[in-house]
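Visitor: Here you go, work.txt (compact mmCIF, C-alpha atoms):
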```txt
# COMPACT_ATOMS: atom_id res chain seq x y z
CA MET A 1 -19.35 -16.86 30.09
CA ILE A 2 -16.25 -17.57 28.02
CA ILE A 3 -13.95 -14.92 26.55
CA THR A 4 -11.12 -15.66 24.13
CA ARG A 5 -8.37 -13.29 23.02
CA THR A 6 -6.64 -14.04 19.71
CA PRO A 7 -3.81 -12.00 18.17
CA LEU A 8 -3.71 -10.48 14.72
CA ARG A 9 -0.64 -11.04 12.54
CA ILE A 10 1.80 -9.26 10.30
CA SER A 11 3.14 -11.23 7.35
CA ILE A 12 6.92 -10.89 7.21
CA GLY A 13 8.26 -13.03 4.36
CA GLY A 14 7.19 -15.70 1.90
CA GLY A 15 3.52 -14.74 1.90
CA GLY A 16 1.51 -16.31 -0.91
CA THR A 17 3.41 -19.60 -0.84
CA ASP A 18 0.82 -20.82 1.70
CA LEU A 19 -1.85 -20.87 -1.01
CA PRO A 20 -2.96 -24.37 -2.11
CA TYR A 21 -2.28 -23.91 -5.83
CA TYR A 22 1.36 -23.15 -4.98
CA TYR A 23 2.27 -25.45 -2.07
CA SER A 24 0.53 -28.44 -3.67
CA LYS A 25 3.20 -28.34 -6.37
CA TYR A 26 6.21 -26.62 -4.86
CA LYS A 27 5.81 -26.60 -1.04
CA GLY A 28 5.44 -23.39 0.93
CA PHE A 29 7.61 -21.48 3.37
CA LEU A 30 6.93 -18.23 5.16
CA VAL A 31 7.71 -16.14 8.21
CA THR A 32 4.90 -14.49 10.14
CA ALA A 33 4.43 -12.82 13.53
CA THR A 34 1.57 -11.90 15.83
CA ILE A 35 1.15 -8.50 17.48
CA ASN A 36 -0.59 -7.14 20.56
CA LYS A 37 -3.78 -6.28 18.70
CA TYR A 38 -6.59 -8.75 19.19
CA ILE A 39 -10.00 -10.10 18.36
CA TYR A 40 -12.15 -10.99 21.36
CA ILE A 41 -14.95 -13.54 21.30
CA VAL A 42 -17.52 -13.59 24.10
CA LEU A 43 -19.69 -16.71 24.30
CA HIS A 44 -22.59 -17.27 26.68
CA PRO A 45 -25.26 -19.99 26.79
CA ARG A 46 -28.88 -18.85 26.42
CA THR A 47 -30.44 -21.52 28.58
CA PHE A 48 -33.86 -19.90 28.94
CA HIS A 49 -34.16 -18.59 25.40
CA ASN A 50 -35.33 -20.12 22.15
CA GLU A 51 -33.12 -17.96 19.94
CA SER A 52 -29.42 -17.45 19.39
CA LEU A 53 -28.04 -13.92 19.58
CA ILE A 54 -25.09 -13.14 17.29
CA ARG A 55 -23.38 -9.75 17.51
CA TYR A 56 -20.52 -8.54 15.32
CA SER A 57 -20.72 -5.46 13.06
CA ARG A 58 -24.36 -6.48 12.77
CA MET A 59 -26.78 -8.26 15.08
CA GLU A 60 -28.64 -11.47 14.28
CA VAL A 61 -31.39 -13.16 16.27
CA VAL A 62 -32.18 -16.63 14.93
CA LYS A 63 -34.05 -19.72 16.10
CA ASN A 64 -32.03 -22.09 13.92
CA ILE A 65 -28.26 -21.88 13.39
CA ASP A 66 -28.81 -22.64 9.69
CA LYS A 67 -30.34 -19.16 9.43
CA ILE A 68 -27.18 -17.40 10.65
CA LYS A 69 -25.88 -15.14 7.89
CA HIS A 70 -22.33 -14.88 9.25
CA LYS A 71 -20.70 -17.76 7.38
CA ALA A 72 -17.83 -18.45 9.78
CA ILE A 73 -20.11 -18.53 12.83
CA ARG A 74 -22.74 -20.69 11.12
CA GLU A 75 -20.24 -23.25 9.84
CA SER A 76 -18.26 -23.32 13.10
CA LEU A 77 -21.40 -24.16 15.07
CA ARG A 78 -22.25 -26.89 12.57
CA TYR A 79 -18.68 -28.19 12.65
CA MET A 80 -18.73 -28.35 16.46
CA GLY A 81 -22.20 -29.91 16.57
CA ILE A 82 -23.75 -27.09 18.59
CA ALA A 83 -27.42 -26.45 17.83
CA GLU A 84 -28.77 -25.06 21.12
CA PRO A 85 -29.42 -21.32 21.60
CA ILE A 86 -26.18 -19.45 22.24
CA GLU A 87 -24.93 -15.88 22.43
CA ILE A 88 -21.78 -14.92 20.53
CA THR A 89 -20.29 -11.43 20.50
CA SER A 90 -17.08 -10.33 18.78
CA MET A 91 -14.94 -7.23 19.31
CA ALA A 92 -11.75 -6.21 17.53
CA ASP A 93 -8.92 -3.76 18.12
CA ILE A 94 -8.52 -3.21 14.36
CA PRO A 95 -11.17 -3.08 11.59
CA ALA A 96 -11.62 -5.97 9.19
CA GLN A 97 -10.20 -5.92 5.64
CA THR A 98 -6.97 -4.22 6.68
CA GLY A 99 -4.52 -7.05 5.93
CA LEU A 100 -3.87 -8.34 9.46
CA GLY A 101 -5.64 -11.69 9.05
CA SER A 102 -8.76 -10.75 10.98
CA SER A 103 -11.17 -13.26 9.42
CA SER A 104 -9.08 -16.30 10.33
CA THR A 105 -8.13 -14.78 13.68
CA PHE A 106 -11.85 -14.47 14.40
CA LEU A 107 -12.39 -18.09 13.40
CA VAL A 108 -9.56 -19.44 15.58
CA GLY A 109 -10.84 -17.47 18.58
CA LEU A 110 -14.39 -18.69 17.98
CA LEU A 111 -13.30 -22.34 17.75
CA ASN A 112 -11.31 -21.93 20.96
CA ALA A 113 -14.42 -20.59 22.71
CA LEU A 114 -16.63 -23.37 21.32
CA HIS A 115 -14.23 -26.11 22.44
CA THR A 116 -14.16 -24.57 25.91
CA TYR A 117 -17.96 -24.38 25.90
CA LYS A 118 -17.98 -28.15 25.29
CA ASN A 119 -15.38 -28.68 28.06
CA GLU A 120 -12.78 -29.76 25.52
CA PHE A 121 -9.11 -28.79 25.35
CA ALA A 122 -7.93 -27.79 21.88
CA SER A 123 -4.21 -27.48 21.15
CA ALA A 124 -2.82 -24.77 18.89
CA ALA A 125 -2.37 -27.37 16.15
CA THR A 126 -6.00 -28.48 16.49
CA LEU A 127 -7.34 -24.92 16.35
CA ALA A 128 -5.22 -24.09 13.30
CA GLU A 129 -6.12 -27.28 11.43
CA GLU A 130 -9.84 -26.94 12.16
CA ALA A 131 -9.83 -23.29 11.09
CA CYS A 132 -8.09 -24.23 7.84
CA GLU A 133 -10.64 -26.96 7.22
CA ILE A 134 -13.53 -24.53 7.68
CA ASP A 135 -11.90 -21.71 5.69
CA LEU A 136 -10.54 -23.73 2.78
CA ASP A 137 -12.65 -26.89 2.55
CA ILE A 138 -16.07 -25.80 3.81
CA LEU A 139 -16.26 -22.09 2.99
CA LYS A 140 -14.03 -22.49 -0.09
CA GLU A 141 -12.24 -19.22 0.63
CA PRO A 142 -9.37 -18.48 -1.82
CA MET A 143 -6.87 -18.15 1.01
CA GLY A 144 -3.82 -19.83 2.49
CA LYS A 145 -2.88 -21.27 5.87
CA GLN A 146 -0.72 -18.52 7.34
CA ASP A 147 -3.39 -16.62 9.26
CA GLN A 148 -4.90 -19.60 11.05
CA TYR A 149 -1.55 -20.93 12.27
CA ALA A 150 -0.30 -17.50 13.32
CA ALA A 151 -3.46 -16.87 15.36
CA ALA A 152 -3.39 -20.28 17.01
CA TYR A 153 0.33 -20.43 17.87
CA GLY A 154 1.38 -16.80 18.32
CA GLY A 155 4.95 -15.48 18.27
CA ILE A 156 7.43 -15.06 15.43
CA LEU A 157 6.97 -18.22 13.39
CA GLN A 158 8.21 -20.06 10.37
CA LEU A 159 5.66 -22.21 8.58
CA ASP A 160 6.76 -25.09 6.35
CA ILE A 161 3.96 -26.50 4.20
CA ASN A 162 4.37 -29.76 2.31
CA GLN A 163 2.63 -30.70 -0.92
CA LYS A 164 -0.20 -32.40 0.95
CA GLY A 165 -0.89 -29.21 2.90
CA LYS A 166 0.61 -30.41 6.19
CA VAL A 167 1.96 -27.44 8.13
CA LEU A 168 4.95 -27.56 10.45
CA ALA A 169 4.96 -24.48 12.68
CA GLY A 170 8.05 -23.50 14.65
CA ARG A 171 9.39 -20.42 16.41
CA LEU A 172 12.33 -18.61 14.88
CA ASP A 173 15.52 -18.78 16.95
CA ILE A 174 15.85 -15.03 17.55
CA ASP A 175 17.66 -13.57 20.55
CA HIS A 176 16.10 -10.97 22.83
CA TYR A 177 18.28 -8.14 21.51
CA THR A 178 17.17 -8.76 17.92
CA ILE A 179 13.52 -8.84 18.97
CA GLU A 180 13.96 -5.47 20.67
CA GLU A 181 15.69 -4.09 17.57
CA LEU A 182 12.74 -5.20 15.46
CA GLN A 183 10.19 -3.73 17.84
CA ASN A 184 12.06 -0.42 17.97
CA ASN A 185 12.53 -0.13 14.21
CA LEU A 186 9.39 -1.66 12.68
CA PHE A 187 6.45 0.64 12.00
CA LEU A 188 2.87 0.03 10.95
CA PHE A 189 0.94 2.77 9.14
CA TYR A 190 -2.69 2.50 8.10
CA THR A 191 -3.42 3.63 4.56
CA GLY A 192 -7.13 4.12 5.24
CA ILE A 193 -7.84 1.80 2.31
CA LYS A 194 -9.96 -1.25 3.07
CA ARG A 195 -9.86 -4.06 0.55
CA ASP A 196 -11.27 -7.54 0.06
CA ALA A 197 -8.29 -9.89 0.21
CA ASN A 198 -10.23 -12.51 -1.75
CA ILE A 199 -10.29 -10.26 -4.83
CA VAL A 200 -6.51 -9.82 -4.76
CA LEU A 201 -5.90 -13.51 -4.03
CA LEU A 202 -8.21 -14.71 -6.81
CA ASP A 203 -6.48 -12.40 -9.26
CA GLN A 204 -3.10 -13.60 -8.03
CA LYS A 205 -4.18 -17.25 -8.44
CA LYS A 206 -5.44 -16.67 -11.98
CA ASN A 207 -2.25 -14.87 -12.97
CA ALA A 208 -0.02 -17.56 -11.47
CA GLU A 209 -1.89 -20.37 -13.18
CA ASP A 210 -1.69 -18.56 -16.53
CA ASP A 211 1.88 -17.31 -16.33
CA GLN A 212 4.98 -19.29 -15.43
CA LYS A 213 6.80 -16.02 -14.74
CA ARG A 214 4.42 -15.41 -11.85
CA ILE A 215 5.25 -18.84 -10.46
CA GLU A 216 8.93 -17.96 -10.73
CA GLY A 217 8.14 -14.82 -8.78
CA MET A 218 6.56 -16.91 -6.03
CA HIS A 219 9.65 -19.12 -5.97
CA GLN A 220 11.63 -15.94 -5.40
CA THR A 221 9.23 -14.87 -2.65
CA LYS A 222 9.79 -18.19 -0.89
CA MET A 223 13.55 -17.72 -1.18
CA ILE A 224 13.21 -14.22 0.27
CA GLY A 225 11.26 -15.66 3.21
CA MET A 226 14.13 -18.06 3.86
CA GLU A 227 16.68 -15.24 3.64
CA ILE A 228 14.62 -13.15 6.06
CA LYS A 229 14.65 -16.06 8.51
CA LYS A 230 18.44 -16.32 8.23
CA ALA A 231 18.92 -12.58 8.68
CA LEU A 232 16.75 -12.49 11.80
CA GLU A 233 18.35 -15.54 13.36
CA ARG A 234 21.84 -14.08 12.95
CA GLY A 235 20.67 -10.70 14.26
CA ASP A 236 21.15 -8.78 11.00
CA THR A 237 18.09 -6.55 11.20
CA ARG A 238 19.35 -4.12 8.57
CA LYS A 239 19.57 -6.94 6.03
CA PHE A 240 16.05 -7.89 7.08
CA GLY A 241 14.93 -4.38 6.11
CA GLU A 242 16.67 -4.65 2.76
CA TRP A 243 14.96 -7.98 2.08
CA LEU A 244 11.59 -6.37 2.85
CA ASN A 245 12.17 -3.95 0.00
CA ILE A 246 13.05 -6.78 -2.39
CA HIS A 247 10.01 -8.72 -1.15
CA TRP A 248 7.67 -5.85 -1.97
CA GLU A 249 9.12 -5.28 -5.43
CA THR A 250 8.67 -9.01 -6.12
CA LYS A 251 5.10 -9.24 -4.81
CA LYS A 252 3.94 -6.26 -6.86
CA LYS A 253 4.36 -8.44 -9.94
CA PHE A 254 1.81 -11.00 -8.70
CA SER A 255 -1.32 -8.96 -9.36
CA ASP A 256 -2.29 -5.57 -10.78
CA LYS A 257 -4.42 -5.18 -7.65
CA MET A 258 -1.40 -5.48 -5.33
CA THR A 259 -0.66 -1.76 -5.47
CA ASN A 260 -1.80 1.51 -7.03
CA PRO A 261 -0.24 4.93 -7.74
CA LEU A 262 -1.10 6.27 -4.27
CA ILE A 263 0.43 3.26 -2.49
CA ASP A 264 3.53 3.57 -4.67
CA LYS A 265 3.75 7.29 -3.83
CA TRP A 266 3.57 6.59 -0.08
CA TYR A 267 6.14 3.81 -0.37
CA ASN A 268 8.62 5.99 -2.25
CA LEU A 269 8.08 8.77 0.29
CA ALA A 270 8.96 6.36 3.10
CA LEU A 271 12.20 5.32 1.41
CA ALA A 272 13.09 8.96 0.76
CA ASN A 273 12.67 9.74 4.46
CA GLY A 274 14.75 6.98 6.00
CA ALA A 275 12.95 3.64 5.64
CA ILE A 276 15.24 0.82 4.50
CA GLY A 277 12.39 -1.31 3.23
CA GLY A 278 8.78 -2.20 3.72
CA LYS A 279 5.66 -3.65 2.18
CA ILE A 280 1.91 -3.77 2.36
CA VAL A 281 0.94 -6.34 4.99
CA GLY A 282 -1.26 -9.18 3.75
CA ALA A 283 -2.67 -9.73 0.28
CA GLY A 284 -2.05 -6.16 -0.88
CA GLY A 285 -4.13 -3.35 -2.31
CA GLY A 286 -4.52 -1.44 0.96
CA GLY A 287 -4.60 -1.95 4.70
CA PHE A 288 -1.33 -1.43 6.55
CA PHE A 289 2.19 -0.59 5.47
CA MET A 290 5.02 -2.17 7.45
CA PHE A 291 8.32 -0.27 7.26
CA TYR A 292 11.76 -0.89 8.74
CA CYS A 293 13.54 2.35 9.70
CA GLU A 294 16.65 2.53 11.90
CA ASN A 295 17.65 6.20 11.65
CA ASN A 296 15.88 9.57 11.46
CA GLN A 297 12.72 8.00 12.83
CA LYS A 298 11.25 11.35 13.85
CA LYS A 299 11.58 12.65 10.29
CA PHE A 300 10.23 9.39 8.89
CA ARG A 301 7.18 9.39 11.16
CA LYS A 302 6.46 13.05 10.40
CA SER A 303 6.57 12.45 6.65
CA MET A 304 4.15 9.53 6.88
CA ILE A 305 1.68 11.33 9.12
CA GLU A 306 1.76 14.48 6.98
CA ALA A 307 1.01 12.26 3.96
CA GLY A 308 -2.21 11.17 5.66
CA LEU A 309 -1.17 7.81 7.13
CA ARG A 310 -2.01 6.81 10.69
CA GLU A 311 0.59 5.03 12.82
CA LEU A 312 -0.34 1.91 14.78
CA PRO A 313 2.11 1.41 17.69
CA PHE A 314 2.56 -2.29 18.47
CA ARG A 315 4.61 -4.93 20.21
CA PHE A 316 4.99 -8.59 19.34
CA GLU A 317 2.62 -11.05 21.01
CA PHE A 318 4.16 -14.41 21.85
CA ASP A 319 0.97 -16.25 22.85
CA GLY A 320 -1.64 -17.52 20.46
CA SER A 321 -5.37 -17.71 21.07
CA LYS A 322 -6.13 -18.02 24.77
CA ILE A 323 -9.03 -18.20 27.19
CA ILE A 324 -8.96 -15.06 29.33
CA PHE A 325 -12.24 -15.65 31.18
CA ASN A 326 -14.29 -18.77 31.89
CA ALA A 327 -16.94 -18.78 34.58
```
Output the file's structure in the form of structure tokens.
Guide:
Amino acid sequence: MIITRTPLRISIGGGGTDLPYYYSKYKGFLVTATINKYIYIVLHPRTFHNESLIRYSRMEVVKNIDKIKHKAIRESLRYMGIAEPIEITSMADIPAQTGLGSSSTFLVGLLNALHTYKNEFASAATLAEEACEIDLDILKEPMGKQDQYAAAYGGILQLDINQKGKVLAGRLDIDHYTIEELQNNLFLFYTGIKRDANIVLLDQKKNAEDDQKRIEGMHQTKMIGMEIKKALERGDTRKFGEWLNIHWETKKKFSDKMTNPLIDKWYNLALANGAIGGKIVGAGGGGFFMFYCENNQKKFRKSMIEAGLRELPFRFEFDGSKIIFNA
């Protein structure tokens, strides 16, 4: 039995510039971080069975992997050349479609388990690159490369993406005090709204291709990501919070599906009760809010909870996908 644990991520700055239609022309840059909420993959050979058993939110029993309905599992098994009966079970700390990169986190964890099953070592770079190949080239998902690299590497990262799609992942040079400041002052609140990121991303892509002003907005988002990196590396967490606010106001222009009146109401309530800045994590349209609040945190929390939002306490996770059991 093999068990992998792979962290979910929060997008911090520059999100959207990891999408192919943007970086292929202008290069991408973003800051992302993983948290101590995970997806677990359990893999077990079915030596004396003729069928594979696949369990996620549904259960599948199939004799041929080509019959697997779960696209990521089916294509990962094909990619890895595994055709024999196998049992795969997934569990997650957080529901899917909430903006924390769960689909690519799942894929990275699955690939890690499959490599281990074949007695192969896979580096973080290998896991990230293979996950991107499956997501973007095979499944043709309208997504970027942030989630795969965050899940594979872990930590607080900057991702530089050249015009050929090559990703250079590196850890931000942040001191321990600044990390503690971030962990004490960053808050995640669940809106209760699930959304399909692909719908938002497709709309964003169409708008960007049709409107140069949207591209200019993405240039600004990339610049904001760079400014967030600078603020964090010099320990200016308040400026980081201010940049989050600018980031959100910029990203709202990308797509009409990025926000709605209820999300705007919650956001304004947060600012009125002490938050310096914040944004919806991920593609937008729902999922989790991330807010930065230094003072009056009790009042801030109370206002969010009374508005119907649910807090998700978290810490940063500095390891990427790992094998936690193999026997």
Visitor: Pick the closest to A:Leu309 from A:Phe189, A:Tyr21, A:Phe289, A:Phe240: which is it, counting only C-alpha atoms?
Guide: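 Between A:Phe189, A:Tyr21, A:Phe289, A:Phe240, the residue approaching A:Leu309 most closely is A:Phe189.
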Visitor: Quick one: residues within 7 Å of stretch 40-42 of chain A, only C-alpha atoms, excluding same-chain residues fewer than 6 positions away - as JSON, numbers by chain?
Guide: {"A": [2, 3, 4, 5, 6, 88, 89, 90, 91, 92, 109, 110]}
Visitor: Please, which residues in stretch 101-213 of chain A fall within 10 Å of stretch 69-83 of chain A when counting only C-alpha atoms, and what is the closest atom pair and distance in Å to one decimal for each, ordered by chain then residue number, as CSV?
Guide:
```
residue,atom,partner,partner_atom,distance
A:Ser103,CA,A:Ala72,CA,8.5
A:Ser104,CA,A:Ala72,CA,9.0
A:Phe106,CA,A:Ala72,CA,8.5
A:Leu107,CA,A:Ala72,CA,6.5
A:Val108,CA,A:Ser76,CA,9.8
A:Leu110,CA,A:Ile73,CA,7.7
A:Leu111,CA,A:Ser76,CA,6.9
A:Leu114,CA,A:Met80,CA,7.3
A:His115,CA,A:Met80,CA,7.8
A:Tyr117,CA,A:Ile82,CA,9.7
A:Lys118,CA,A:Met80,CA,8.9
A:Glu130,CA,A:Tyr79,CA,8.9
A:Ala131,CA,A:Ser76,CA,8.7
A:Glu133,CA,A:Tyr79,CA,9.8
A:Ile134,CA,A:Glu75,CA,7.2
A:Asp135,CA,A:Ala72,CA,7.9
A:Ile138,CA,A:Glu75,CA,7.8
A:Leu139,CA,A:Lys71,CA,7.6
```
Visitor: Using Å and a single decimal, report how far atom CA of A:Met290 sits from atom CA of A:Asn268.
Guide: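 Computed distance, atom CA of A:Asn268 to atom CA of A:Met290, equals 13.2 Å.
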Visitor: Measuring atom to atom with all atoms listed in the file, identify which of A:Glu306, A:Gly320, A:Leu136, A:Pro20 is nearest to A:Thr105.
Guide: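 The closest residue to A:Thr105 is A:Gly320.
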Visitor: Taking (5.9, -21.1, 15.9) in the coordinates of the supplied file, I want to know which residues reach to within 7 Å of it, counting all atoms listed in the file; could you give the answer as a PDB file with C-alpha atoms, keeping the file's coordinate frame?
Guide:
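Heads up, here's the output in part-v7.pdb:
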```
ATOM      1  CA  TYR A 153       0.330 -20.430  17.870  1.00  0.00           C
ATOM      2  CA  GLY A 154       1.380 -16.800  18.320  1.00  0.00           C
ATOM      3  CA  GLY A 155       4.950 -15.480  18.270  1.00  0.00           C
ATOM      4  CA  ILE A 156       7.430 -15.060  15.430  1.00  0.00           C
ATOM      5  CA  LEU A 157       6.970 -18.220  13.390  1.00  0.00           C
ATOM      6  CA  GLN A 158       8.210 -20.060  10.370  1.00  0.00           C
ATOM      7  CA  ALA A 169       4.960 -24.480  12.680  1.00  0.00           C
ATOM      8  CA  GLY A 170       8.050 -23.500  14.650  1.00  0.00           C
ATOM      9  CA  ARG A 171       9.390 -20.420  16.410  1.00  0.00           C
ATOM     10  CA  LEU A 172      12.330 -18.610  14.880  1.00  0.00           C
TER      11      LEU A 172
END
```
Visitor: I need the residue nearest A:Lys37 from this list: A:Asn184, A:Thr237, A:Ser102, A:Asn260. Use all atoms listed in the file for the distance.
Guide: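 Using all atoms listed in the file, the shortest distance to A:Lys37 belongs to A:Ser102.
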Visitor: What is the atom CA of A:Asp211 to atom CA of A:Ile161 distance in Å?
Guide: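 Between these atoms lies a distance of 22.6 Å.
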